[in-house]
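Asks: Just model_25.cif, nothing more (mmCIF, C-alpha atoms and all ligand atoms):
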data_entry
loop_
_atom_site.label_atom_id
_atom_site.label_comp_id
_atom_site.auth_asym_id
_atom_site.auth_seq_id
_atom_site.Cartn_x
_atom_site.Cartn_y
_atom_site.Cartn_z
CA MET A 15 -24.18 23.35 -8.06
CA PHE A 16 -24.72 24.32 -4.45
CA THR A 17 -27.18 22.14 -2.59
CA SER A 18 -28.04 22.35 1.06
CA ASP A 19 -28.58 18.62 1.58
CA PRO A 20 -26.67 17.35 4.59
CA ILE A 21 -23.87 14.91 3.87
CA VAL A 22 -25.05 12.63 6.69
CA SER A 23 -28.62 12.35 7.89
CA VAL A 24 -29.63 9.80 10.53
CA LYS A 25 -33.28 9.39 11.48
CA ASN A 26 -34.75 7.27 14.27
CA ALA A 27 -31.91 4.80 13.93
CA CYS A 28 -31.27 1.98 16.34
CA ILE A 29 -27.81 0.46 16.17
CA PHE A 30 -27.33 -3.19 17.10
CA GLN A 31 -24.34 -5.44 17.64
CA GLY A 32 -25.92 -8.86 17.20
CA ILE A 33 -29.10 -8.77 19.26
CA ASN A 34 -27.79 -6.04 21.58
CA ALA A 35 -29.12 -2.54 21.02
CA ILE A 36 -26.09 -0.26 21.40
CA LEU A 37 -27.66 3.09 20.48
CA GLN A 38 -31.34 3.93 20.25
CA ASP A 39 -33.37 6.64 18.58
CA VAL A 40 -30.34 8.25 16.94
CA ASN A 41 -31.10 11.47 15.09
CA PHE A 42 -28.60 13.94 13.67
CA ASN A 43 -27.46 15.59 10.47
CA ILE A 44 -23.97 16.59 9.42
CA GLU A 45 -23.79 19.42 6.94
CA LYS A 46 -21.28 19.58 4.14
CA TYR A 47 -18.08 21.20 5.42
CA GLU A 48 -18.88 20.60 9.12
CA PHE A 49 -16.26 19.34 11.59
CA VAL A 50 -17.83 17.19 14.29
CA PHE A 51 -16.28 15.33 17.21
CA LEU A 52 -17.73 12.01 18.31
CA ILE A 53 -17.11 11.22 21.96
CA GLY A 54 -18.27 8.83 24.64
CA ARG A 55 -16.68 6.41 27.04
CA THR A 56 -15.22 3.16 25.85
CA GLY A 57 -17.89 0.73 24.68
CA SER A 58 -20.50 3.50 24.32
CA GLY A 59 -20.97 2.86 20.60
CA LYS A 60 -18.76 5.32 18.69
CA SER A 61 -17.18 2.71 16.43
CA SER A 62 -20.55 1.00 15.94
CA LEU A 63 -22.03 4.30 14.80
CA LEU A 64 -19.15 4.96 12.38
CA LYS A 65 -19.35 1.40 11.03
CA THR A 66 -23.05 1.92 10.40
CA LEU A 67 -22.29 5.06 8.41
CA TYR A 68 -19.81 3.28 6.14
CA ALA A 69 -22.09 0.26 5.81
CA ASP A 70 -19.91 -2.21 7.67
CA LEU A 71 -22.59 -2.79 10.29
CA PRO A 72 -26.08 -3.24 8.81
CA LEU A 73 -28.68 -0.71 9.89
CA GLN A 74 -31.67 -2.76 11.01
CA MET A 75 -33.97 -0.03 12.31
CA GLY A 76 -34.40 3.55 11.18
CA GLN A 77 -32.75 5.42 8.34
CA ALA A 78 -29.41 6.90 7.48
CA GLN A 79 -28.37 8.70 4.36
CA VAL A 80 -24.66 9.17 3.69
CA ALA A 81 -23.34 10.98 0.62
CA GLY A 82 -26.62 10.29 -1.15
CA TYR A 83 -26.82 6.56 -0.32
CA ASP A 84 -29.64 5.11 1.78
CA ILE A 85 -27.69 3.00 4.23
CA GLU A 86 -30.64 0.94 5.50
CA LYS A 87 -31.26 -0.44 2.04
CA ILE A 88 -27.84 -0.26 0.41
CA LYS A 89 -26.95 -3.28 -1.75
CA THR A 90 -23.62 -5.03 -1.27
CA LYS A 91 -22.60 -4.13 -4.80
CA ASP A 92 -23.10 -0.42 -4.05
CA ILE A 93 -20.99 -0.36 -0.89
CA PRO A 94 -17.70 0.25 -2.79
CA TYR A 95 -19.31 3.28 -4.46
CA LEU A 96 -20.42 4.63 -1.08
CA ARG A 97 -16.88 4.12 0.23
CA ARG A 98 -15.48 6.17 -2.63
CA LYS A 99 -17.46 9.15 -1.35
CA ILE A 100 -16.29 8.75 2.22
CA GLY A 101 -12.74 8.46 3.45
CA ILE A 102 -12.14 6.17 6.39
CA VAL A 103 -9.24 6.58 8.82
CA PHE A 104 -8.73 4.06 11.61
CA GLN A 105 -6.63 4.22 14.74
CA ASP A 106 -4.27 1.42 13.79
CA PHE A 107 -2.85 2.34 10.48
CA GLN A 108 -3.79 -0.68 8.42
CA LEU A 109 -1.26 -0.16 5.67
CA PHE A 110 0.03 -3.25 3.92
CA THR A 111 3.39 -3.59 5.65
CA ASP A 112 4.97 -5.58 2.80
CA ARG A 113 4.32 -2.93 0.12
CA THR A 114 5.65 0.55 -0.51
CA VAL A 115 3.56 3.64 0.14
CA SER A 116 3.08 3.92 -3.61
CA ASP A 117 1.84 0.33 -3.89
CA ASN A 118 -0.50 0.86 -0.94
CA LEU A 119 -2.10 3.81 -2.69
CA MET A 120 -2.13 2.15 -6.11
CA PHE A 121 -3.88 -0.86 -4.60
CA VAL A 122 -6.76 1.32 -3.40
CA MET A 123 -6.99 3.16 -6.71
CA LYS A 124 -7.14 -0.10 -8.67
CA ALA A 125 -9.76 -1.45 -6.28
CA THR A 126 -11.85 1.68 -6.77
CA GLY A 127 -11.84 1.64 -10.54
CA TRP A 128 -8.84 3.77 -11.58
CA LYS A 129 -7.29 2.53 -14.83
CA ASP A 130 -5.16 5.28 -16.34
CA LYS A 131 -1.60 4.81 -14.98
CA ALA A 132 -0.54 8.42 -15.61
CA LYS A 133 -3.59 9.81 -13.82
CA MET A 134 -3.02 7.41 -10.94
CA LYS A 135 0.57 8.60 -10.54
CA THR A 136 -0.50 12.23 -10.61
CA ARG A 137 -3.23 11.66 -8.05
CA MET A 138 -0.86 9.75 -5.80
CA ALA A 139 1.64 12.61 -5.88
CA GLU A 140 -1.14 15.12 -5.16
CA VAL A 141 -2.45 13.35 -2.06
CA LEU A 142 1.05 12.68 -0.71
CA MET A 143 1.95 16.36 -1.16
CA ARG A 144 -1.30 17.32 0.52
CA VAL A 145 -0.37 15.39 3.69
CA GLY A 146 3.21 16.69 3.63
CA LEU A 147 4.84 13.46 2.42
CA GLY A 148 5.86 14.32 -1.12
CA GLY A 149 9.00 12.22 -0.89
CA ALA A 150 7.58 9.08 0.68
CA ALA A 151 6.17 7.18 -2.32
CA SER A 152 8.97 4.63 -2.53
CA LYS A 153 9.26 4.00 1.21
CA MET A 154 8.08 0.93 3.08
CA PRO A 155 5.70 1.63 5.98
CA HIS A 156 8.32 0.55 8.55
CA GLN A 157 10.64 3.28 7.24
CA LEU A 158 8.10 5.88 8.35
CA SER A 159 7.25 7.14 11.83
CA GLY A 160 3.82 6.48 13.34
CA GLY A 161 2.70 10.01 12.47
CA GLU A 162 3.93 9.64 8.90
CA GLN A 163 2.14 6.31 8.53
CA GLN A 164 -1.06 7.95 9.72
CA ARG A 165 -0.51 10.68 7.11
CA VAL A 166 -0.28 7.99 4.43
CA VAL A 167 -3.56 6.54 5.70
CA ILE A 168 -5.11 10.01 5.40
CA ALA A 169 -3.63 10.40 1.90
CA ARG A 170 -5.18 7.05 1.00
CA ALA A 171 -8.55 8.22 2.36
CA LEU A 172 -8.34 11.35 0.18
CA LEU A 173 -7.61 9.55 -3.12
CA ASN A 174 -11.18 9.64 -4.36
CA GLU A 175 -11.95 13.17 -3.19
CA PRO A 176 -14.41 12.14 -0.49
CA ASN A 177 -17.20 14.43 0.70
CA ILE A 178 -16.64 13.34 4.29
CA LEU A 179 -13.88 11.71 6.30
CA LEU A 180 -14.86 9.29 9.07
CA ALA A 181 -12.02 8.95 11.53
CA ASP A 182 -11.96 6.55 14.46
CA GLU A 183 -9.42 7.72 17.06
CA PRO A 184 -6.96 8.87 14.38
CA THR A 185 -4.57 10.32 16.95
CA GLY A 186 -5.00 7.62 19.56
CA ASN A 187 -1.65 5.88 19.15
CA LEU A 188 0.50 8.97 18.63
CA ASP A 189 2.61 11.23 20.83
CA PRO A 190 0.91 14.55 21.68
CA GLU A 191 2.95 16.75 19.27
CA VAL A 192 2.54 14.27 16.46
CA ALA A 193 -1.17 14.03 17.24
CA ASP A 194 -1.42 17.83 17.04
CA GLY A 195 0.10 17.78 13.56
CA ILE A 196 -2.34 15.13 12.41
CA PHE A 197 -5.23 17.10 13.88
CA GLN A 198 -4.09 20.23 12.02
CA LEU A 199 -4.06 18.21 8.83
CA PHE A 200 -7.69 17.23 9.44
CA GLN A 201 -8.52 20.90 10.03
CA ASP A 202 -6.84 21.89 6.73
CA ILE A 203 -8.72 19.17 4.89
CA ASN A 204 -11.95 20.41 6.45
CA LYS A 205 -11.20 24.03 5.48
CA GLN A 206 -10.78 22.87 1.90
CA GLY A 207 -14.35 21.54 1.89
CA THR A 208 -14.48 18.01 3.32
CA ALA A 209 -16.76 17.29 6.26
CA ILE A 210 -15.12 15.43 9.15
CA LEU A 211 -16.61 13.16 11.81
CA MET A 212 -13.84 12.25 14.25
CA ALA A 213 -14.18 9.88 17.19
CA THR A 214 -11.77 10.84 19.93
CA HIS A 215 -10.95 10.38 23.60
CA ASN A 216 -8.59 13.34 23.50
CA HIS A 217 -9.92 15.84 26.01
CA GLU A 218 -7.31 18.46 25.11
CA LEU A 219 -8.51 18.57 21.51
CA LEU A 220 -12.08 19.11 22.64
CA LYS A 221 -11.09 21.93 24.95
CA LYS A 222 -8.93 23.63 22.33
CA HIS A 223 -11.25 23.32 19.36
CA PRO A 224 -14.88 24.21 20.01
CA TYR A 225 -16.39 22.18 17.18
CA ARG A 226 -19.79 20.57 17.46
CA ILE A 227 -19.82 17.36 19.53
CA LEU A 228 -21.91 14.22 19.29
CA LYS A 229 -21.71 12.13 22.44
CA CYS A 230 -22.65 8.48 22.82
CA ASP A 231 -24.06 8.23 26.31
CA LYS A 232 -26.22 5.54 27.90
CA GLY A 233 -27.53 4.24 24.60
CA GLN A 234 -28.23 7.65 23.12
CA VAL A 235 -26.45 10.13 20.92
CA LEU A 236 -26.47 13.63 22.44
CA ASP A 237 -25.74 16.64 20.23
CA SER A 238 -24.01 19.79 21.49
CA LYS A 239 -26.05 21.71 18.93
CA THR A 240 -29.33 20.84 20.61
CA SER A 241 -28.55 19.85 24.18
CA ASP A 242 -26.21 20.87 26.97
CA PHE A 243 -24.02 18.16 28.30
CA ASN A 244 -21.11 18.01 30.62
CA LEU A 245 -17.83 17.67 28.77
CA SER A 246 -15.99 16.84 31.94
CA THR A 247 -17.68 13.47 32.34
CA SER A 248 -15.46 10.58 31.39
CA LEU A 249 -14.75 10.42 27.69
N1 LIG A 301 -18.23 -7.19 16.55
C1 LIG A 301 -18.94 -7.07 17.69
N2 LIG A 301 -19.77 -8.06 18.10
C2 LIG A 301 -20.48 -7.93 19.21
N3 LIG A 301 -20.47 -6.85 20.01
C3 LIG A 301 -19.66 -5.85 19.67
C4 LIG A 301 -18.86 -5.89 18.49
N4 LIG A 301 -18.18 -4.73 18.39
C5 LIG A 301 -18.54 -3.99 19.47
N5 LIG A 301 -19.43 -4.64 20.23
C6 LIG A 301 -20.06 -4.14 21.46
O1 LIG A 301 -20.77 -2.97 21.15
C7 LIG A 301 -20.63 -2.00 22.18
C8 LIG A 301 -20.13 -0.71 21.58
O2 LIG A 301 -18.80 -0.92 21.11
P1 LIG A 301 -18.05 0.16 20.22
O3 LIG A 301 -16.77 -0.46 19.77
O4 LIG A 301 -18.98 0.70 19.21
O5 LIG A 301 -17.74 1.30 21.32
P2 LIG A 301 -16.74 2.52 21.27
O6 LIG A 301 -17.47 3.67 21.88
O7 LIG A 301 -16.22 2.70 19.90
O8 LIG A 301 -15.56 2.05 22.22
P3 LIG A 301 -14.00 2.43 22.19
O9 LIG A 301 -13.92 3.85 22.65
O10 LIG A 301 -13.41 1.48 23.18
O11 LIG A 301 -13.52 2.23 20.79
C9 LIG A 301 -19.72 -2.60 23.23
O12 LIG A 301 -20.53 -3.14 24.25
C10 LIG A 301 -19.01 -3.70 22.48
O13 LIG A 301 -18.69 -4.77 23.35
#
Rewrite the structure of this file - the entire thing - as structure tokens.
Ligand SMILES: Nc1ncnc2c1ncn2[C@@H]1O[C@H](COP(=O)(O)OP(=O)(O)OP(=O)(O)O)[C@@H](O)[C@H]1O
Replies:
Amino acid sequence: MFTSDPIVSVKNACIFQGINAILQDVNFNIEKYEFVFLIGRTGSGKSSLLKTLYADLPLQMGQAQVAGYDIEKIKTKDIPYLRRKIGIVFQDFQLFTDRTVSDNLMFVMKATGWKDKAKMKTRMAEVLMRVGLGGAASKMPHQLSGGEQQRVVIARALLNEPNILLADEPTGNLDPEVADGIFQLFQDINKQGTAILMATHNHELLKKHPYRILKCDKGQVLDSKTSDFNLSTSL
């Protein structure tokens, strides 16, 4: 059924690290199927905001709803269910280096409640094909390039058919051409119906792809949908 509820809705939120307020009075929605960049200079709060959305950093003031979960009152036992609805992609790849690609993906499926071995195999093949790595299941991470490892991380994030992908500098450690390929993959995933919130310092991407931008700046989150801001300021 079609519903028009946003996938992310943040209202009057204040984001703390310890006793330090990092971002204040944060208000924005992300609609299903939107692609949104998250920018801001280093230390401005991008990762803190993403961590709040996947319930790694408790939200102490204000409200946030993500994929139907109220983040400010989410119970620890519900966090794994929230994380099944969102895919998370970090800058450093965070694959288990001592296990094959297949075992890395199986680990996540087991941890998120998959039981049927045949279905798990099928799903694994599907997500690996989707990221262009159909033949990589038996490889160890070190046998893959940096770009391929990041594709495995994206495949892993797609296992549970998330409604939104949260990506923190997913192209940060990659050569420009490799980064372009990864970005295209995110665009394809978005076109197939998954919202994307991507933190990036990559100015070229922002210039080339005029998606909506949220910018962490001086303790606030500015939104290109509602305010003009200068892209040329330091990212
Ligand atoms: N675990 C933590 N404990 C205490 N303070 C933290 C912690 N993590 C981040 N901070 C502080 O919170 C502020 C925002 O950091 P955050 O990592 O969210 O910024 P960022 O915009 O993601 O930076 P970068 O672009 O470098 O990744 C910084 O002042 C940082 O020092």
Asks: Nearest to ligand LIG 301 (chain A) among A:Val122, A:Leu52, A:Met138, A:Leu158, with distances taken over all atoms listed in the file: which residue is it?
Replies: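 Between A:Val122, A:Leu52, A:Met138, A:Leu158, the residue approaching ligand LIG 301 (chain A) most closely is A:Leu52.
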Asks: Would you list the residues that come within 12 Å of ligand LIG 301 (chain A)? Count only C-alpha atoms and all ligand atoms and give the answer as an mmCIF file with C-alpha atoms, in the coordinates of the input.
Replies:
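For reference, pocket_39.cif as written:
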data_model
loop_
_atom_site.group_PDB
_atom_site.id
_atom_site.type_symbol
_atom_site.label_atom_id
_atom_site.label_comp_id
_atom_site.auth_asym_id
_atom_site.auth_seq_id
_atom_site.Cartn_x
_atom_site.Cartn_y
_atom_site.Cartn_z
ATOM 1 C CA ILE A 29 -27.810 0.460 16.170
ATOM 2 C CA PHE A 30 -27.330 -3.190 17.100
ATOM 3 C CA GLN A 31 -24.340 -5.440 17.640
ATOM 4 C CA GLY A 32 -25.920 -8.860 17.200
ATOM 5 C CA ILE A 33 -29.100 -8.770 19.260
ATOM 6 C CA ASN A 34 -27.790 -6.040 21.580
ATOM 7 C CA ALA A 35 -29.120 -2.540 21.020
ATOM 8 C CA ILE A 36 -26.090 -0.260 21.400
ATOM 9 C CA LEU A 37 -27.660 3.090 20.480
ATOM 10 C CA LEU A 52 -17.730 12.010 18.310
ATOM 11 C CA ILE A 53 -17.110 11.220 21.960
ATOM 12 C CA GLY A 54 -18.270 8.830 24.640
ATOM 13 C CA ARG A 55 -16.680 6.410 27.040
ATOM 14 C CA THR A 56 -15.220 3.160 25.850
ATOM 15 C CA GLY A 57 -17.890 0.730 24.680
ATOM 16 C CA SER A 58 -20.500 3.500 24.320
ATOM 17 C CA GLY A 59 -20.970 2.860 20.600
ATOM 18 C CA LYS A 60 -18.760 5.320 18.690
ATOM 19 C CA SER A 61 -17.180 2.710 16.430
ATOM 20 C CA SER A 62 -20.550 1.000 15.940
ATOM 21 C CA LEU A 63 -22.030 4.300 14.800
ATOM 22 C CA LEU A 64 -19.150 4.960 12.380
ATOM 23 C CA LYS A 65 -19.350 1.400 11.030
ATOM 24 C CA THR A 66 -23.050 1.920 10.400
ATOM 25 C CA ASP A 70 -19.910 -2.210 7.670
ATOM 26 C CA LEU A 71 -22.590 -2.790 10.290
ATOM 27 C CA PRO A 72 -26.080 -3.240 8.810
ATOM 28 C CA PHE A 104 -8.730 4.060 11.610
ATOM 29 C CA GLN A 105 -6.630 4.220 14.740
ATOM 30 C CA ASP A 106 -4.270 1.420 13.790
ATOM 31 C CA ALA A 181 -12.020 8.950 11.530
ATOM 32 C CA ASP A 182 -11.960 6.550 14.460
ATOM 33 C CA GLU A 183 -9.420 7.720 17.060
ATOM 34 C CA PRO A 184 -6.960 8.870 14.380
ATOM 35 C CA GLY A 186 -5.000 7.620 19.560
ATOM 36 C CA MET A 212 -13.840 12.250 14.250
ATOM 37 C CA ALA A 213 -14.180 9.880 17.190
ATOM 38 C CA THR A 214 -11.770 10.840 19.930
ATOM 39 C CA HIS A 215 -10.950 10.380 23.600
ATOM 40 C CA ASN A 216 -8.590 13.340 23.500
ATOM 41 C CA LEU A 228 -21.910 14.220 19.290
ATOM 42 C CA LYS A 229 -21.710 12.130 22.440
ATOM 43 C CA CYS A 230 -22.650 8.480 22.820
ATOM 44 C CA ASP A 231 -24.060 8.230 26.310
ATOM 45 C CA LYS A 232 -26.220 5.540 27.900
ATOM 46 C CA GLY A 233 -27.530 4.240 24.600
ATOM 47 C CA GLN A 234 -28.230 7.650 23.120
ATOM 48 C CA VAL A 235 -26.450 10.130 20.920
ATOM 49 C CA SER A 248 -15.460 10.580 31.390
ATOM 50 C CA LEU A 249 -14.750 10.420 27.690
#
Asks: For a quick check of understanding, using only C-alpha atoms, which of A:Asn174, A:Thr185, A:Thr126, A:Ser116 has the smallest distance to A:Gly149?
Replies: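 Closest candidate: A:Ser116.
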Asks: Given the point (5.8, -2.3, 0.3) in the coordinates of this file, which residues lie within 12 Å, counting all atoms listed in the file, and how would they look as a ChimeraX atom specification?
Replies: /A:109-121,150-158
Asks: Using only C-alpha atoms, which protein or nucleic acid residues come within 12 Å of A:Lys222? Drop anything in the same chain fewer than 3 positions from it, and give the result as a ChimeraX atom specification.
Replies: /A:194,197-198,216-219,225
Asks: May I have a table of the residues of stretch 139-174 of chain A lying at most 9 Å from stretch 87-102 of chain A, giving each one's closest pair of atoms and their distance in Å to one decimal, counting only C-alpha atoms, ordered by chain and ascending residue number, as JSON lines?
Replies:
{"residue": "A:Val167", "atom": "CA", "partner": "A:Ile102", "partner_atom": "CA", "distance": 8.6}
{"residue": "A:Ile168", "atom": "CA", "partner": "A:Gly101", "partner_atom": "CA", "distance": 8.0}
{"residue": "A:Arg170", "atom": "CA", "partner": "A:Gly101", "partner_atom": "CA", "distance": 8.1}
{"residue": "A:Ala171", "atom": "CA", "partner": "A:Gly101", "partner_atom": "CA", "distance": 4.3}
{"residue": "A:Leu172", "atom": "CA", "partner": "A:Gly101", "partner_atom": "CA", "distance": 6.2}
{"residue": "A:Leu173", "atom": "CA", "partner": "A:Gly101", "partner_atom": "CA", "distance": 8.4}
{"residue": "A:Asn174", "atom": "CA", "partner": "A:Arg98", "partner_atom": "CA", "distance": 5.8}
Asks: For atom CA of A:Asp242 and atom CA of A:Phe200, determine how far apart the two atoms are, in Å to one decimal place.
Replies: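 The value is 25.8 Å.
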Asks: If we draw a sphere of 9 Å around (1.6, 10.8, 9.8), which residues have at least one atom in it when counting all atoms listed in the file? Please report them as a count of residues only.
Replies: 18
Asks: Provide the atom CA of A:Arg137 to atom CA of A:Lys124 distance in Å, to one decimal place.
Replies: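 If I compute the distance from atom CA of A:Arg137 to atom CA of A:Lys124, I get 12.4 Å.
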Asks: Choose the residue, out of A:Met123, A:Ala209, A:Leu236, A:Leu220, that has the smallest atom-to-atom separation from A:Thr136; count all atoms listed in the file.
Replies: A:Met123
Asks: Please report the interatomic distance between atom CA of A:Val141 and atom CA of A:Tyr68 in Å with one decimal.
Replies: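 Going from atom CA of A:Val141 over to atom CA of A:Tyr68 covers 21.7 Å.
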Asks: Measuring atom to atom with all atoms listed in the file, identify which of A:Met143, A:Ala27, A:Ile203, A:Ala125 is nearest to A:Gln77.
Replies: A:Ala27
Asks: Restore N, CA and C atoms in stretch 143-159 of chain A and list the result as a PDB file, in the frame of the given file.
Replies:
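Written output follows (rebuild39.pdb):
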ATOM      1  N   MET A 143       1.558  14.961  -1.404  1.00  0.00           N
ATOM      2  CA  MET A 143       1.950  16.360  -1.160  1.00  0.00           C
ATOM      3  C   MET A 143       0.984  16.983  -0.147  1.00  0.00           C
ATOM      4  N   ARG A 144      -0.271  16.693  -0.319  1.00  0.00           N
ATOM      5  CA  ARG A 144      -1.300  17.320   0.520  1.00  0.00           C
ATOM      6  C   ARG A 144      -1.093  16.988   2.001  1.00  0.00           C
ATOM      7  N   VAL A 145      -0.582  15.781   2.283  1.00  0.00           N
ATOM      8  CA  VAL A 145      -0.370  15.390   3.690  1.00  0.00           C
ATOM      9  C   VAL A 145       1.084  15.638   4.114  1.00  0.00           C
ATOM     10  N   GLY A 146       1.851  16.330   3.260  1.00  0.00           N
ATOM     11  CA  GLY A 146       3.210  16.690   3.630  1.00  0.00           C
ATOM     12  C   GLY A 146       4.223  15.564   3.480  1.00  0.00           C
ATOM     13  N   LEU A 147       3.934  14.602   2.587  1.00  0.00           N
ATOM     14  CA  LEU A 147       4.840  13.460   2.420  1.00  0.00           C
ATOM     15  C   LEU A 147       5.225  13.254   0.959  1.00  0.00           C
ATOM     16  N   GLY A 148       5.521  14.382   0.296  1.00  0.00           N
ATOM     17  CA  GLY A 148       5.860  14.320  -1.120  1.00  0.00           C
ATOM     18  C   GLY A 148       6.937  13.303  -1.472  1.00  0.00           C
ATOM     19  N   GLY A 149       7.882  13.098  -0.557  1.00  0.00           N
ATOM     20  CA  GLY A 149       9.000  12.220  -0.890  1.00  0.00           C
ATOM     21  C   GLY A 149       8.872  10.789  -0.391  1.00  0.00           C
ATOM     22  N   ALA A 150       7.690  10.381  -0.009  1.00  0.00           N
ATOM     23  CA  ALA A 150       7.580   9.080   0.680  1.00  0.00           C
ATOM     24  C   ALA A 150       7.097   7.936  -0.208  1.00  0.00           C
ATOM     25  N   ALA A 151       6.832   8.193  -1.487  1.00  0.00           N
ATOM     26  CA  ALA A 151       6.170   7.180  -2.320  1.00  0.00           C
ATOM     27  C   ALA A 151       6.904   5.841  -2.340  1.00  0.00           C
ATOM     28  N   SER A 152       8.229   5.896  -2.352  1.00  0.00           N
ATOM     29  CA  SER A 152       8.970   4.630  -2.530  1.00  0.00           C
ATOM     30  C   SER A 152       9.293   3.948  -1.203  1.00  0.00           C
ATOM     31  N   LYS A 153       8.895   4.563  -0.093  1.00  0.00           N
ATOM     32  CA  LYS A 153       9.260   4.000   1.210  1.00  0.00           C
ATOM     33  C   LYS A 153       8.343   2.850   1.616  1.00  0.00           C
ATOM     34  N   MET A 154       8.902   1.975   2.450  1.00  0.00           N
ATOM     35  CA  MET A 154       8.080   0.930   3.080  1.00  0.00           C
ATOM     36  C   MET A 154       7.495   1.526   4.360  1.00  0.00           C
ATOM     37  N   PRO A 155       6.307   1.056   4.772  1.00  0.00           N
ATOM     38  CA  PRO A 155       5.700   1.630   5.980  1.00  0.00           C
ATOM     39  C   PRO A 155       6.652   1.649   7.191  1.00  0.00           C
ATOM     40  N   HIS A 156       7.470   0.585   7.358  1.00  0.00           N
ATOM     41  CA  HIS A 156       8.320   0.550   8.550  1.00  0.00           C
ATOM     42  C   HIS A 156       9.434   1.602   8.510  1.00  0.00           C
ATOM     43  N   GLN A 157       9.643   2.210   7.333  1.00  0.00           N
ATOM     44  CA  GLN A 157      10.640   3.280   7.240  1.00  0.00           C
ATOM     45  C   GLN A 157      10.050   4.633   7.632  1.00  0.00           C
ATOM     46  N   LEU A 158       8.764   4.629   7.973  1.00  0.00           N
ATOM     47  CA  LEU A 158       8.100   5.880   8.350  1.00  0.00           C
ATOM     48  C   LEU A 158       7.761   5.857   9.831  1.00  0.00           C
ATOM     49  N   SER A 159       7.673   7.056  10.430  1.00  0.00           N
ATOM     50  CA  SER A 159       7.250   7.140  11.830  1.00  0.00           C
ATOM     51  C   SER A 159       5.745   6.867  11.916  1.00  0.00           C
TER      52      SER A 159
END
